[in-house]
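Undergrad: My file is work25.cif. It has mmCIF, C-alpha atoms:
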```
data_structure
loop_
_atom_site.label_atom_id
_atom_site.label_comp_id
_atom_site.auth_asym_id
_atom_site.auth_seq_id
_atom_site.Cartn_x
_atom_site.Cartn_y
_atom_site.Cartn_z
CA MET H 1 24.09 -36.17 -1.77
CA ARG H 2 26.31 -36.29 -4.79
CA ALA H 3 27.42 -39.61 -6.25
CA GLU H 4 31.07 -39.14 -5.23
CA LEU H 5 30.15 -38.71 -1.57
CA GLU H 6 27.69 -41.63 -1.72
CA GLU H 7 30.50 -43.84 -3.03
CA PHE H 8 32.81 -42.53 -0.28
CA TYR H 9 30.26 -43.48 2.40
CA ARG H 10 29.65 -46.94 0.94
CA GLU H 11 33.35 -47.78 1.35
CA LYS H 12 34.13 -49.48 4.66
CA ASP H 13 37.94 -49.57 4.58
CA PRO H 14 39.30 -46.40 6.25
CA VAL H 15 42.50 -46.38 4.17
CA LYS H 16 40.51 -46.49 0.93
CA ARG H 17 38.12 -43.90 2.32
CA ARG H 18 41.06 -41.59 3.10
CA GLU H 19 42.31 -41.97 -0.49
CA MET H 20 38.83 -41.31 -1.90
CA LEU H 21 38.42 -38.26 0.31
CA GLY H 22 41.82 -36.93 -0.73
CA ALA H 23 40.85 -37.22 -4.39
CA LEU H 24 37.48 -35.56 -3.70
CA MET H 25 39.12 -32.69 -1.83
CA LYS H 26 41.74 -32.20 -4.52
CA GLU H 27 39.11 -32.20 -7.26
CA ASP H 28 36.82 -29.96 -5.23
CA ASP H 29 39.61 -27.55 -4.18
CA GLY H 30 37.72 -26.64 -0.99
CA GLN H 31 34.85 -25.06 -2.89
CA ASN H 32 31.97 -27.21 -1.63
CA ALA H 33 30.87 -27.16 2.00
CA ASP H 34 29.58 -30.73 1.81
CA VAL H 35 33.04 -32.08 0.95
CA ARG H 36 34.62 -29.89 3.65
CA LEU H 37 32.19 -31.23 6.27
CA ALA H 38 32.79 -34.81 5.10
CA GLY H 39 36.53 -34.20 5.42
CA ARG H 40 36.16 -32.72 8.89
CA LEU H 41 34.01 -35.65 10.08
CA PHE H 42 36.57 -38.09 8.69
CA ALA H 43 39.33 -36.24 10.57
CA LEU H 44 37.28 -36.35 13.77
CA ARG H 45 36.60 -40.05 13.27
CA TYR H 46 40.13 -41.23 12.40
CA GLY H 47 42.44 -38.37 13.33
CA THR H 48 44.54 -36.23 11.05
CA ASP H 49 47.58 -38.46 10.63
CA ASP H 50 47.74 -41.42 8.24
CA ASN H 51 47.00 -43.93 11.01
CA THR H 52 43.40 -45.19 10.73
CA ASP H 53 43.69 -47.89 13.39
CA ILE H 54 41.49 -46.05 15.89
CA ASP H 55 37.89 -45.22 15.05
CA TYR H 56 37.04 -42.43 17.49
CA PHE H 57 33.34 -42.56 16.61
CA ILE H 58 33.18 -46.19 17.72
CA ARG H 59 35.05 -45.20 20.88
CA SER H 60 32.39 -42.54 21.44
CA MET H 61 29.69 -45.13 20.84
CA LEU H 62 31.21 -47.40 23.47
CA THR H 63 31.49 -44.50 25.92
CA LEU H 64 27.84 -43.66 25.34
CA MET H 65 26.96 -47.33 25.82
CA SER H 66 28.77 -47.29 29.15
CA ILE H 67 27.03 -44.08 30.22
CA SER H 68 23.63 -45.46 29.21
CA ARG H 69 24.17 -48.51 31.42
CA ALA H 70 25.54 -46.58 34.40
CA PRO H 71 23.37 -45.51 37.31
CA SER H 72 22.07 -42.02 36.83
CA PHE H 73 23.21 -40.44 40.09
CA PHE H 74 26.16 -38.71 38.44
CA THR H 75 24.09 -37.07 35.72
CA GLY H 76 26.01 -33.78 35.85
CA HIS H 77 29.30 -35.47 35.04
CA GLN H 78 27.65 -37.82 32.53
CA LYS H 79 25.90 -34.93 30.77
CA ARG H 80 29.22 -33.11 30.38
CA GLN H 81 30.69 -36.29 28.85
CA VAL H 82 27.78 -36.52 26.41
CA GLU H 83 28.15 -32.84 25.48
CA LYS H 84 31.86 -33.44 24.84
CA ILE H 85 31.02 -36.42 22.63
CA ILE H 86 28.51 -34.32 20.68
CA ARG H 87 31.38 -31.96 19.88
CA GLU H 88 33.73 -34.86 19.08
CA LEU H 89 31.18 -36.33 16.66
CA GLY H 90 31.02 -33.05 14.73
CA ILE H 91 27.38 -32.36 15.58
CA THR H 92 28.18 -28.94 17.05
CA GLU H 93 30.38 -28.07 14.08
CA ALA H 94 27.63 -29.05 11.64
CA GLU H 95 25.22 -26.78 13.52
CA GLU H 96 27.72 -23.93 13.22
CA ARG H 97 28.01 -24.50 9.46
CA ILE H 98 24.21 -24.46 9.17
CA ALA H 99 24.03 -21.22 11.18
CA ALA H 100 26.72 -19.67 8.95
CA GLY H 101 24.69 -20.56 5.86
CA GLU H 102 27.38 -22.86 4.44
CA LEU H 103 25.00 -25.83 4.30
CA THR H 104 21.27 -26.34 4.66
CA ARG H 105 20.08 -28.42 7.60
CA ASP H 106 19.15 -31.24 5.21
CA GLU H 107 22.60 -31.25 3.58
CA ALA H 108 24.45 -31.23 6.90
CA GLU H 109 22.23 -33.91 8.42
CA GLU H 110 22.62 -36.12 5.35
CA ILE H 111 26.41 -36.01 5.72
CA LEU H 112 26.26 -36.53 9.51
CA TYR H 113 23.87 -39.45 9.03
CA ALA H 114 26.12 -41.07 6.42
CA GLU H 115 29.23 -40.86 8.63
CA PHE H 116 27.37 -42.01 11.75
CA GLN H 117 25.73 -44.86 9.87
CA SER H 118 29.14 -45.90 8.53
CA ALA H 119 30.59 -45.95 12.06
CA ALA H 120 27.61 -47.83 13.46
CA ALA H 121 27.72 -50.35 10.59
CA THR H 122 31.42 -50.91 11.32
CA TYR H 123 30.53 -51.51 14.97
CA VAL H 124 27.76 -53.94 13.98
CA ASP H 125 30.17 -55.80 11.66
CA THR H 126 32.73 -56.01 14.45
CA CYS H 127 30.17 -57.28 16.95
CA SER H 128 28.76 -59.86 14.55
CA ASP H 129 31.64 -62.24 15.15
CA GLY H 130 31.77 -64.68 18.04
CA GLU H 131 33.37 -62.21 20.41
CA TYR H 132 30.33 -60.05 21.21
CA HIS H 133 29.07 -60.60 24.73
CA ARG H 134 26.44 -58.63 26.57
CA LEU H 135 27.11 -56.92 29.86
CA LEU H 136 30.82 -56.42 29.28
CA GLY H 137 31.50 -60.11 28.73
CA LEU H 138 29.64 -61.42 31.76
CA ALA H 139 26.85 -63.13 29.83
CA ALA H 140 27.71 -64.78 26.52
CA SER H 141 25.07 -64.84 23.78
CA THR H 142 24.34 -67.70 21.43
CA ASP H 143 25.00 -67.13 17.72
CA ASN H 144 21.32 -66.36 17.13
CA GLY H 145 21.01 -64.25 20.24
CA ARG H 146 24.25 -62.32 19.72
CA LYS H 147 23.01 -60.20 16.80
CA THR H 148 19.66 -59.58 18.48
CA ALA H 149 21.37 -58.56 21.73
CA MET H 150 23.77 -56.25 19.91
CA GLN H 151 20.94 -54.64 17.93
CA LYS H 152 18.95 -54.06 21.10
CA ASP H 153 22.00 -52.73 22.98
CA ILE H 154 22.89 -50.20 20.29
CA ALA H 155 19.32 -48.94 19.87
CA ASP H 156 18.75 -48.74 23.63
CA MET H 157 21.99 -46.81 24.07
CA GLY H 158 20.94 -44.08 21.67
CA ARG H 159 17.44 -43.71 23.07
CA THR H 160 18.57 -43.87 26.70
CA ILE H 161 21.25 -41.18 26.29
CA ALA H 162 18.95 -38.85 24.34
CA GLU H 163 16.10 -39.19 26.83
CA ARG H 164 18.14 -39.18 30.05
CA PHE H 165 19.90 -35.93 29.18
CA HIS H 166 17.05 -34.32 27.23
CA MET H 167 19.19 -34.24 24.09
CA GLU H 168 16.70 -35.74 21.69
CA GLU H 169 17.24 -33.02 19.09
CA PRO H 170 21.07 -32.84 19.07
CA LEU H 171 21.28 -36.65 19.00
CA ARG H 172 18.36 -37.24 16.58
CA VAL H 173 20.54 -37.96 13.52
CA TRP H 174 22.98 -40.06 15.59
CA CYS H 175 20.15 -42.18 17.03
CA GLN H 176 18.53 -42.70 13.63
CA ALA H 177 21.83 -43.70 12.04
CA ILE H 178 22.72 -46.26 14.71
CA GLU H 179 19.22 -47.73 14.70
CA ASP H 180 19.30 -48.05 10.91
CA ALA H 181 22.78 -49.59 11.02
CA ALA H 182 21.60 -52.11 13.57
CA ASP H 183 18.78 -52.98 11.16
CA ILE H 184 16.11 -52.52 13.78
#
```
Starting from the file, give its structure as C-alpha cells.
TA:
Amino acid sequence: MRAELEEFYREKDPVKRREMLGALMKEDDGQNADVRLAGRLFALRYGTDDNTDIDYFIRSMLTLMSISRAPSFFTGHQKRQVEKIIRELGITEAEERIAAGELTRDEAEEILYAEFQSAAATYVDTCSDGEYHRLLGLAASTDNGRKTAMQKDIADMGRTIAERFHMEEPLRVWCQAIEDAADI
C-alpha cells in the first residue's frame, strides 16, 4: 500500500480522514483503483454527506455481534442479514473490482483489511472505557476483565458468524482485521 493510504488509515479522526481522502482523490484524479476503493469504503462507512457522527461499520459489527449471540433457529433471516452486511462493508464491491481487473486480490484485501481494522480499532477504543459491559449490560466487567471480555467477544463474533453461515471466505479479511484490532 502506498504511503499516502497508509497515513490515511493510521488516522483515527473521521473528519481528518475525510480531508486526507479528499486531498488524495484530488491529487489522484480518479486514476488509481486503490484510492477509488478507499474512497468507496469511506463513503460506505460514514456516508456521503459531511456528517461523520455515525460509523456504519461499527453498526454492522454490533449487528453481527447480536446475530452471533442469537439462537440459530432463524438462520435464513440471519443469513440474509449477514449477506446484506457483506455488501454494506464493501466486500462484494471489492470482489467485483477484482473480477473486473481493476485491482489484484492482494491490493483489494489490503485496503479492505485497513478499513476494517480501523473500524474495529475504533470499536476497541470505544469499549475500553468504563462503559463496556458484557451481555448487553447485564453483567459488568472489572477494569481488568473488561478488555479481555471485549477482545473475546469481538473475536468470537467474527468466527461464529463465518462458521454458522459457511461464509469463512467472504468474511476472512473482516475476521482477521477484527481479531488483530482486538490484539488477540
Undergrad: Using the chain letters and residue numbers of this document, give as a compact mmCIF listing (two decimals) with C-alpha atoms, keeping the file's coordinate frame the residues selected by the PyMOL selection byres ((chain H and resi 60-65) around 10).
TA:
```
# COMPACT_ATOMS: atom_id res chain seq x y z
CA ARG H 45 36.60 -40.05 13.27
CA ASP H 55 37.89 -45.22 15.05
CA TYR H 56 37.04 -42.43 17.49
CA PHE H 57 33.34 -42.56 16.61
CA ILE H 58 33.18 -46.19 17.72
CA ARG H 59 35.05 -45.20 20.88
CA SER H 66 28.77 -47.29 29.15
CA ILE H 67 27.03 -44.08 30.22
CA SER H 68 23.63 -45.46 29.21
CA ARG H 69 24.17 -48.51 31.42
CA ALA H 70 25.54 -46.58 34.40
CA GLN H 78 27.65 -37.82 32.53
CA GLN H 81 30.69 -36.29 28.85
CA VAL H 82 27.78 -36.52 26.41
CA LYS H 84 31.86 -33.44 24.84
CA ILE H 85 31.02 -36.42 22.63
CA ILE H 86 28.51 -34.32 20.68
CA GLU H 88 33.73 -34.86 19.08
CA LEU H 89 31.18 -36.33 16.66
CA PHE H 116 27.37 -42.01 11.75
CA ALA H 119 30.59 -45.95 12.06
CA ALA H 120 27.61 -47.83 13.46
CA TYR H 123 30.53 -51.51 14.97
CA ASP H 153 22.00 -52.73 22.98
CA ILE H 154 22.89 -50.20 20.29
CA ALA H 155 19.32 -48.94 19.87
CA ASP H 156 18.75 -48.74 23.63
CA MET H 157 21.99 -46.81 24.07
CA GLY H 158 20.94 -44.08 21.67
CA THR H 160 18.57 -43.87 26.70
CA ILE H 161 21.25 -41.18 26.29
CA TRP H 174 22.98 -40.06 15.59
CA ILE H 178 22.72 -46.26 14.71
```
Undergrad: Tell me which of H:Arg164, H:Arg36, H:Leu41, H:Thr52 sits closest to H:Glu19, counting all atoms listed in the file.
TA: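 Among the listed residues, H:Thr52 lies closest to H:Glu19.
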Undergrad: Between atom CA of H:Ile54 and atom CA of H:Pro14, what distance in Å does the model show, to one decimal?
TA: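 Atom CA of H:Pro14 lies 9.9 Å from atom CA of H:Ile54.
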Undergrad: So how many Å separate atom CA of H:Lys12 and atom CA of H:Ala121, to one decimal?
TA: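 If I compute the distance from atom CA of H:Lys12 to atom CA of H:Ala121, I get 8.8 Å.
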Undergrad: Just the number, please: distance in Å from atom CA of H:His166 to atom CA of H:Thr75, one decimal.
TA: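 A separation of 11.4 Å between them.
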Undergrad: Counting only C-alpha atoms, figure out which residue out of H:Glu95, H:Glu179, H:Asp28, H:Glu169 gets nearest to H:Glu107.
TA: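 Among the listed residues, the smallest separation from H:Glu107 belongs to H:Glu95.
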Undergrad: Could you give me, as a ChimeraX atom specification, the residues within 10 Å of H:Met20, counting only C-alpha atoms and dropping anything in the same chain fewer than 2 positions from it?
TA: /H:4-5,7-9,11,14-18,22-26
Undergrad: I need the residue nearest H:Val173 from this list: H:Thr48, H:Gln117, H:Ser72, H:Gln31. Use only C-alpha atoms for the distance.
TA: H:Gln117
Undergrad: Run the PyMOL selection byres ((chain H and resi 37) around 10) mentally over the shown coordinates, then write out the matched residues as a ChimeraX atom specification, using the chain letters and numbers from the document.
TA: /H:32-36,38-43,90,93-94,97,102-103,107-108,111-112
Undergrad: Take the selection from the previous step and output its residues with C-alpha atoms, as a PDB file, keeping the file's coordinate frame.
TA:
```pdb
ATOM      1  CA  ASN H  32      31.970 -27.210  -1.630  1.00  0.00           C
ATOM      2  CA  ALA H  33      30.870 -27.160   2.000  1.00  0.00           C
ATOM      3  CA  ASP H  34      29.580 -30.730   1.810  1.00  0.00           C
ATOM      4  CA  VAL H  35      33.040 -32.080   0.950  1.00  0.00           C
ATOM      5  CA  ARG H  36      34.620 -29.890   3.650  1.00  0.00           C
ATOM      6  CA  ALA H  38      32.790 -34.810   5.100  1.00  0.00           C
ATOM      7  CA  GLY H  39      36.530 -34.200   5.420  1.00  0.00           C
ATOM      8  CA  ARG H  40      36.160 -32.720   8.890  1.00  0.00           C
ATOM      9  CA  LEU H  41      34.010 -35.650  10.080  1.00  0.00           C
ATOM     10  CA  PHE H  42      36.570 -38.090   8.690  1.00  0.00           C
ATOM     11  CA  ALA H  43      39.330 -36.240  10.570  1.00  0.00           C
ATOM     12  CA  GLY H  90      31.020 -33.050  14.730  1.00  0.00           C
ATOM     13  CA  GLU H  93      30.380 -28.070  14.080  1.00  0.00           C
ATOM     14  CA  ALA H  94      27.630 -29.050  11.640  1.00  0.00           C
ATOM     15  CA  ARG H  97      28.010 -24.500   9.460  1.00  0.00           C
ATOM     16  CA  GLU H 102      27.380 -22.860   4.440  1.00  0.00           C
ATOM     17  CA  LEU H 103      25.000 -25.830   4.300  1.00  0.00           C
ATOM     18  CA  GLU H 107      22.600 -31.250   3.580  1.00  0.00           C
ATOM     19  CA  ALA H 108      24.450 -31.230   6.900  1.00  0.00           C
ATOM     20  CA  ILE H 111      26.410 -36.010   5.720  1.00  0.00           C
ATOM     21  CA  LEU H 112      26.260 -36.530   9.510  1.00  0.00           C
TER      22      LEU H 112
END
```
Undergrad: Mind giving me the axis-aligned box for stretch 77-87 of chain H with 3 Å on every side, centre plus edges in Å to one decimal, as lines of an AutoDock Vina configuration file?
TA:
```
center_x = 28.9
center_y = -34.9
center_z = 27.5
size_x = 12.0
size_y = 11.9
size_z = 21.2
```
Undergrad: From the options H:Asp29, H:Glu109, H:Asp180, H:Asp13, which residue's atoms come nearest to H:Val124, counting all atoms listed in the file?
TA: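 Checking each candidate against H:Val124, we get H:Asp180 as the closest.
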Undergrad: Counting only C-alpha atoms, which residue out of H:Glu163, H:Asp106, H:Asp183, H:Glu168 sits closest to H:Met150?
TA: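 Ranking H:Glu163, H:Asp106, H:Asp183, H:Glu168 by distance to H:Met150, first place goes to H:Asp183.
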Undergrad: My list of candidates is H:Ile98, H:Ala181, H:Met167, H:Leu44. Which is closest to H:Lys152 when distances are computed with all atoms listed in the file?
TA: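 Comparing H:Ile98, H:Ala181, H:Met167, H:Leu44 against H:Lys152, the winner is H:Ala181.
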Undergrad: Complete stretch 48-59 of chain H with all heavy atoms (output as a PDB file, keeping the file's coordinate frame).
TA:
```pdb
ATOM      1  N   THR H  48      44.001 -36.936  12.209  1.00  0.00           N
ATOM      2  CA  THR H  48      44.540 -36.230  11.050  1.00  0.00           C
ATOM      3  C   THR H  48      45.805 -36.849  10.477  1.00  0.00           C
ATOM      4  O   THR H  48      46.247 -36.457   9.409  1.00  0.00           O
ATOM      5  CB  THR H  48      44.822 -34.756  11.413  1.00  0.00           C
ATOM      6  OG1 THR H  48      45.679 -34.732  12.557  1.00  0.00           O
ATOM      7  CG2 THR H  48      43.535 -34.004  11.708  1.00  0.00           C
ATOM      8  N   ASP H  49      46.394 -37.811  11.190  1.00  0.00           N
ATOM      9  CA  ASP H  49      47.580 -38.460  10.630  1.00  0.00           C
ATOM     10  C   ASP H  49      47.131 -39.613   9.719  1.00  0.00           C
ATOM     11  O   ASP H  49      45.950 -39.827   9.505  1.00  0.00           O
ATOM     12  CB  ASP H  49      48.531 -38.938  11.722  1.00  0.00           C
ATOM     13  CG  ASP H  49      47.877 -39.926  12.682  1.00  0.00           C
ATOM     14  OD1 ASP H  49      46.754 -40.381  12.412  1.00  0.00           O
ATOM     15  OD2 ASP H  49      48.502 -40.245  13.706  1.00  0.00           O
ATOM     16  N   ASP H  50      48.069 -40.331   9.168  1.00  0.00           N
ATOM     17  CA  ASP H  50      47.740 -41.420   8.240  1.00  0.00           C
ATOM     18  C   ASP H  50      47.316 -42.704   8.943  1.00  0.00           C
ATOM     19  O   ASP H  50      46.953 -43.672   8.289  1.00  0.00           O
ATOM     20  CB  ASP H  50      48.925 -41.714   7.319  1.00  0.00           C
ATOM     21  CG  ASP H  50      49.114 -40.617   6.283  1.00  0.00           C
ATOM     22  OD1 ASP H  50      48.121 -39.903   6.001  1.00  0.00           O
ATOM     23  OD2 ASP H  50      50.223 -40.475   5.759  1.00  0.00           O
ATOM     24  N   ASN H  51      47.372 -42.743  10.253  1.00  0.00           N
ATOM     25  CA  ASN H  51      47.000 -43.930  11.010  1.00  0.00           C
ATOM     26  C   ASN H  51      45.475 -43.984  11.139  1.00  0.00           C
ATOM     27  O   ASN H  51      44.867 -43.076  11.675  1.00  0.00           O
ATOM     28  CB  ASN H  51      47.654 -43.876  12.395  1.00  0.00           C
ATOM     29  CG  ASN H  51      47.377 -45.115  13.199  1.00  0.00           C
ATOM     30  OD1 ASN H  51      46.705 -46.036  12.747  1.00  0.00           O
ATOM     31  ND2 ASN H  51      47.889 -45.137  14.402  1.00  0.00           N
ATOM     32  N   THR H  52      44.860 -45.039  10.635  1.00  0.00           N
ATOM     33  CA  THR H  52      43.400 -45.190  10.730  1.00  0.00           C
ATOM     34  C   THR H  52      43.040 -46.381  11.612  1.00  0.00           C
ATOM     35  O   THR H  52      41.967 -46.952  11.473  1.00  0.00           O
ATOM     36  CB  THR H  52      42.779 -45.371   9.331  1.00  0.00           C
ATOM     37  OG1 THR H  52      43.420 -46.463   8.686  1.00  0.00           O
ATOM     38  CG2 THR H  52      42.894 -44.118   8.490  1.00  0.00           C
ATOM     39  N   ASP H  53      43.936 -46.739  12.526  1.00  0.00           N
ATOM     40  CA  ASP H  53      43.690 -47.890  13.390  1.00  0.00           C
ATOM     41  C   ASP H  53      42.605 -47.628  14.431  1.00  0.00           C
ATOM     42  O   ASP H  53      41.937 -48.548  14.875  1.00  0.00           O
ATOM     43  CB  ASP H  53      44.971 -48.313  14.112  1.00  0.00           C
ATOM     44  CG  ASP H  53      45.999 -48.897  13.156  1.00  0.00           C
ATOM     45  OD1 ASP H  53      45.618 -49.283  12.034  1.00  0.00           O
ATOM     46  OD2 ASP H  53      47.172 -48.962  13.539  1.00  0.00           O
ATOM     47  N   ILE H  54      42.456 -46.386  14.845  1.00  0.00           N
ATOM     48  CA  ILE H  54      41.490 -46.050  15.890  1.00  0.00           C
ATOM     49  C   ILE H  54      40.300 -45.337  15.250  1.00  0.00           C
ATOM     50  O   ILE H  54      40.464 -44.341  14.559  1.00  0.00           O
ATOM     51  CB  ILE H  54      42.116 -45.152  16.968  1.00  0.00           C
ATOM     52  CG1 ILE H  54      43.269 -45.881  17.646  1.00  0.00           C
ATOM     53  CG2 ILE H  54      41.065 -44.730  17.990  1.00  0.00           C
ATOM     54  CD1 ILE H  54      44.080 -45.026  18.580  1.00  0.00           C
ATOM     55  N   ASP H  55      39.121 -45.855  15.508  1.00  0.00           N
ATOM     56  CA  ASP H  55      37.890 -45.220  15.050  1.00  0.00           C
ATOM     57  C   ASP H  55      37.294 -44.515  16.268  1.00  0.00           C
ATOM     58  O   ASP H  55      36.703 -45.145  17.140  1.00  0.00           O
ATOM     59  CB  ASP H  55      36.928 -46.283  14.493  1.00  0.00           C
ATOM     60  CG  ASP H  55      35.706 -45.688  13.836  1.00  0.00           C
ATOM     61  OD1 ASP H  55      35.217 -44.642  14.300  1.00  0.00           O
ATOM     62  OD2 ASP H  55      35.216 -46.290  12.862  1.00  0.00           O
ATOM     63  N   TYR H  56      37.475 -43.199  16.330  1.00  0.00           N
ATOM     64  CA  TYR H  56      37.040 -42.430  17.490  1.00  0.00           C
ATOM     65  C   TYR H  56      35.520 -42.370  17.614  1.00  0.00           C
ATOM     66  O   TYR H  56      34.999 -42.170  18.706  1.00  0.00           O
ATOM     67  CB  TYR H  56      37.641 -41.027  17.458  1.00  0.00           C
ATOM     68  CG  TYR H  56      39.143 -41.060  17.639  1.00  0.00           C
ATOM     69  CD1 TYR H  56      39.991 -40.916  16.552  1.00  0.00           C
ATOM     70  CD2 TYR H  56      39.705 -41.270  18.893  1.00  0.00           C
ATOM     71  CE1 TYR H  56      41.370 -40.963  16.712  1.00  0.00           C
ATOM     72  CE2 TYR H  56      41.082 -41.326  19.063  1.00  0.00           C
ATOM     73  CZ  TYR H  56      41.905 -41.176  17.967  1.00  0.00           C
ATOM     74  OH  TYR H  56      43.264 -41.235  18.129  1.00  0.00           O
ATOM     75  N   PHE H  57      34.798 -42.544  16.517  1.00  0.00           N
ATOM     76  CA  PHE H  57      33.340 -42.560  16.610  1.00  0.00           C
ATOM     77  C   PHE H  57      32.862 -43.834  17.289  1.00  0.00           C
ATOM     78  O   PHE H  57      31.908 -43.814  18.058  1.00  0.00           O
ATOM     79  CB  PHE H  57      32.699 -42.406  15.228  1.00  0.00           C
ATOM     80  CG  PHE H  57      32.693 -40.993  14.693  1.00  0.00           C
ATOM     81  CD1 PHE H  57      33.506 -39.998  15.232  1.00  0.00           C
ATOM     82  CD2 PHE H  57      31.874 -40.652  13.647  1.00  0.00           C
ATOM     83  CE1 PHE H  57      33.498 -38.706  14.736  1.00  0.00           C
ATOM     84  CE2 PHE H  57      31.850 -39.357  13.147  1.00  0.00           C
ATOM     85  CZ  PHE H  57      32.663 -38.379  13.681  1.00  0.00           C
ATOM     86  N   ILE H  58      33.531 -44.946  17.026  1.00  0.00           N
ATOM     87  CA  ILE H  58      33.180 -46.190  17.720  1.00  0.00           C
ATOM     88  C   ILE H  58      33.554 -46.065  19.194  1.00  0.00           C
ATOM     89  O   ILE H  58      32.806 -46.505  20.067  1.00  0.00           O
ATOM     90  CB  ILE H  58      33.812 -47.420  17.052  1.00  0.00           C
ATOM     91  CG1 ILE H  58      33.148 -47.650  15.692  1.00  0.00           C
ATOM     92  CG2 ILE H  58      33.681 -48.655  17.943  1.00  0.00           C
ATOM     93  CD1 ILE H  58      33.695 -48.807  14.894  1.00  0.00           C
ATOM     94  N   ARG H  59      34.677 -45.439  19.475  1.00  0.00           N
ATOM     95  CA  ARG H  59      35.050 -45.200  20.880  1.00  0.00           C
ATOM     96  C   ARG H  59      33.967 -44.368  21.566  1.00  0.00           C
ATOM     97  O   ARG H  59      33.560 -44.667  22.693  1.00  0.00           O
ATOM     98  CB  ARG H  59      36.393 -44.499  20.973  1.00  0.00           C
ATOM     99  CG  ARG H  59      36.827 -44.283  22.434  1.00  0.00           C
ATOM    100  CD  ARG H  59      38.090 -43.497  22.549  1.00  0.00           C
ATOM    101  NE  ARG H  59      37.815 -42.114  22.169  1.00  0.00           N
ATOM    102  CZ  ARG H  59      38.709 -41.167  22.162  1.00  0.00           C
ATOM    103  NH1 ARG H  59      39.958 -41.431  22.466  1.00  0.00           N
ATOM    104  NH2 ARG H  59      38.388 -39.941  21.816  1.00  0.00           N
TER     105      ARG H  59
END
```
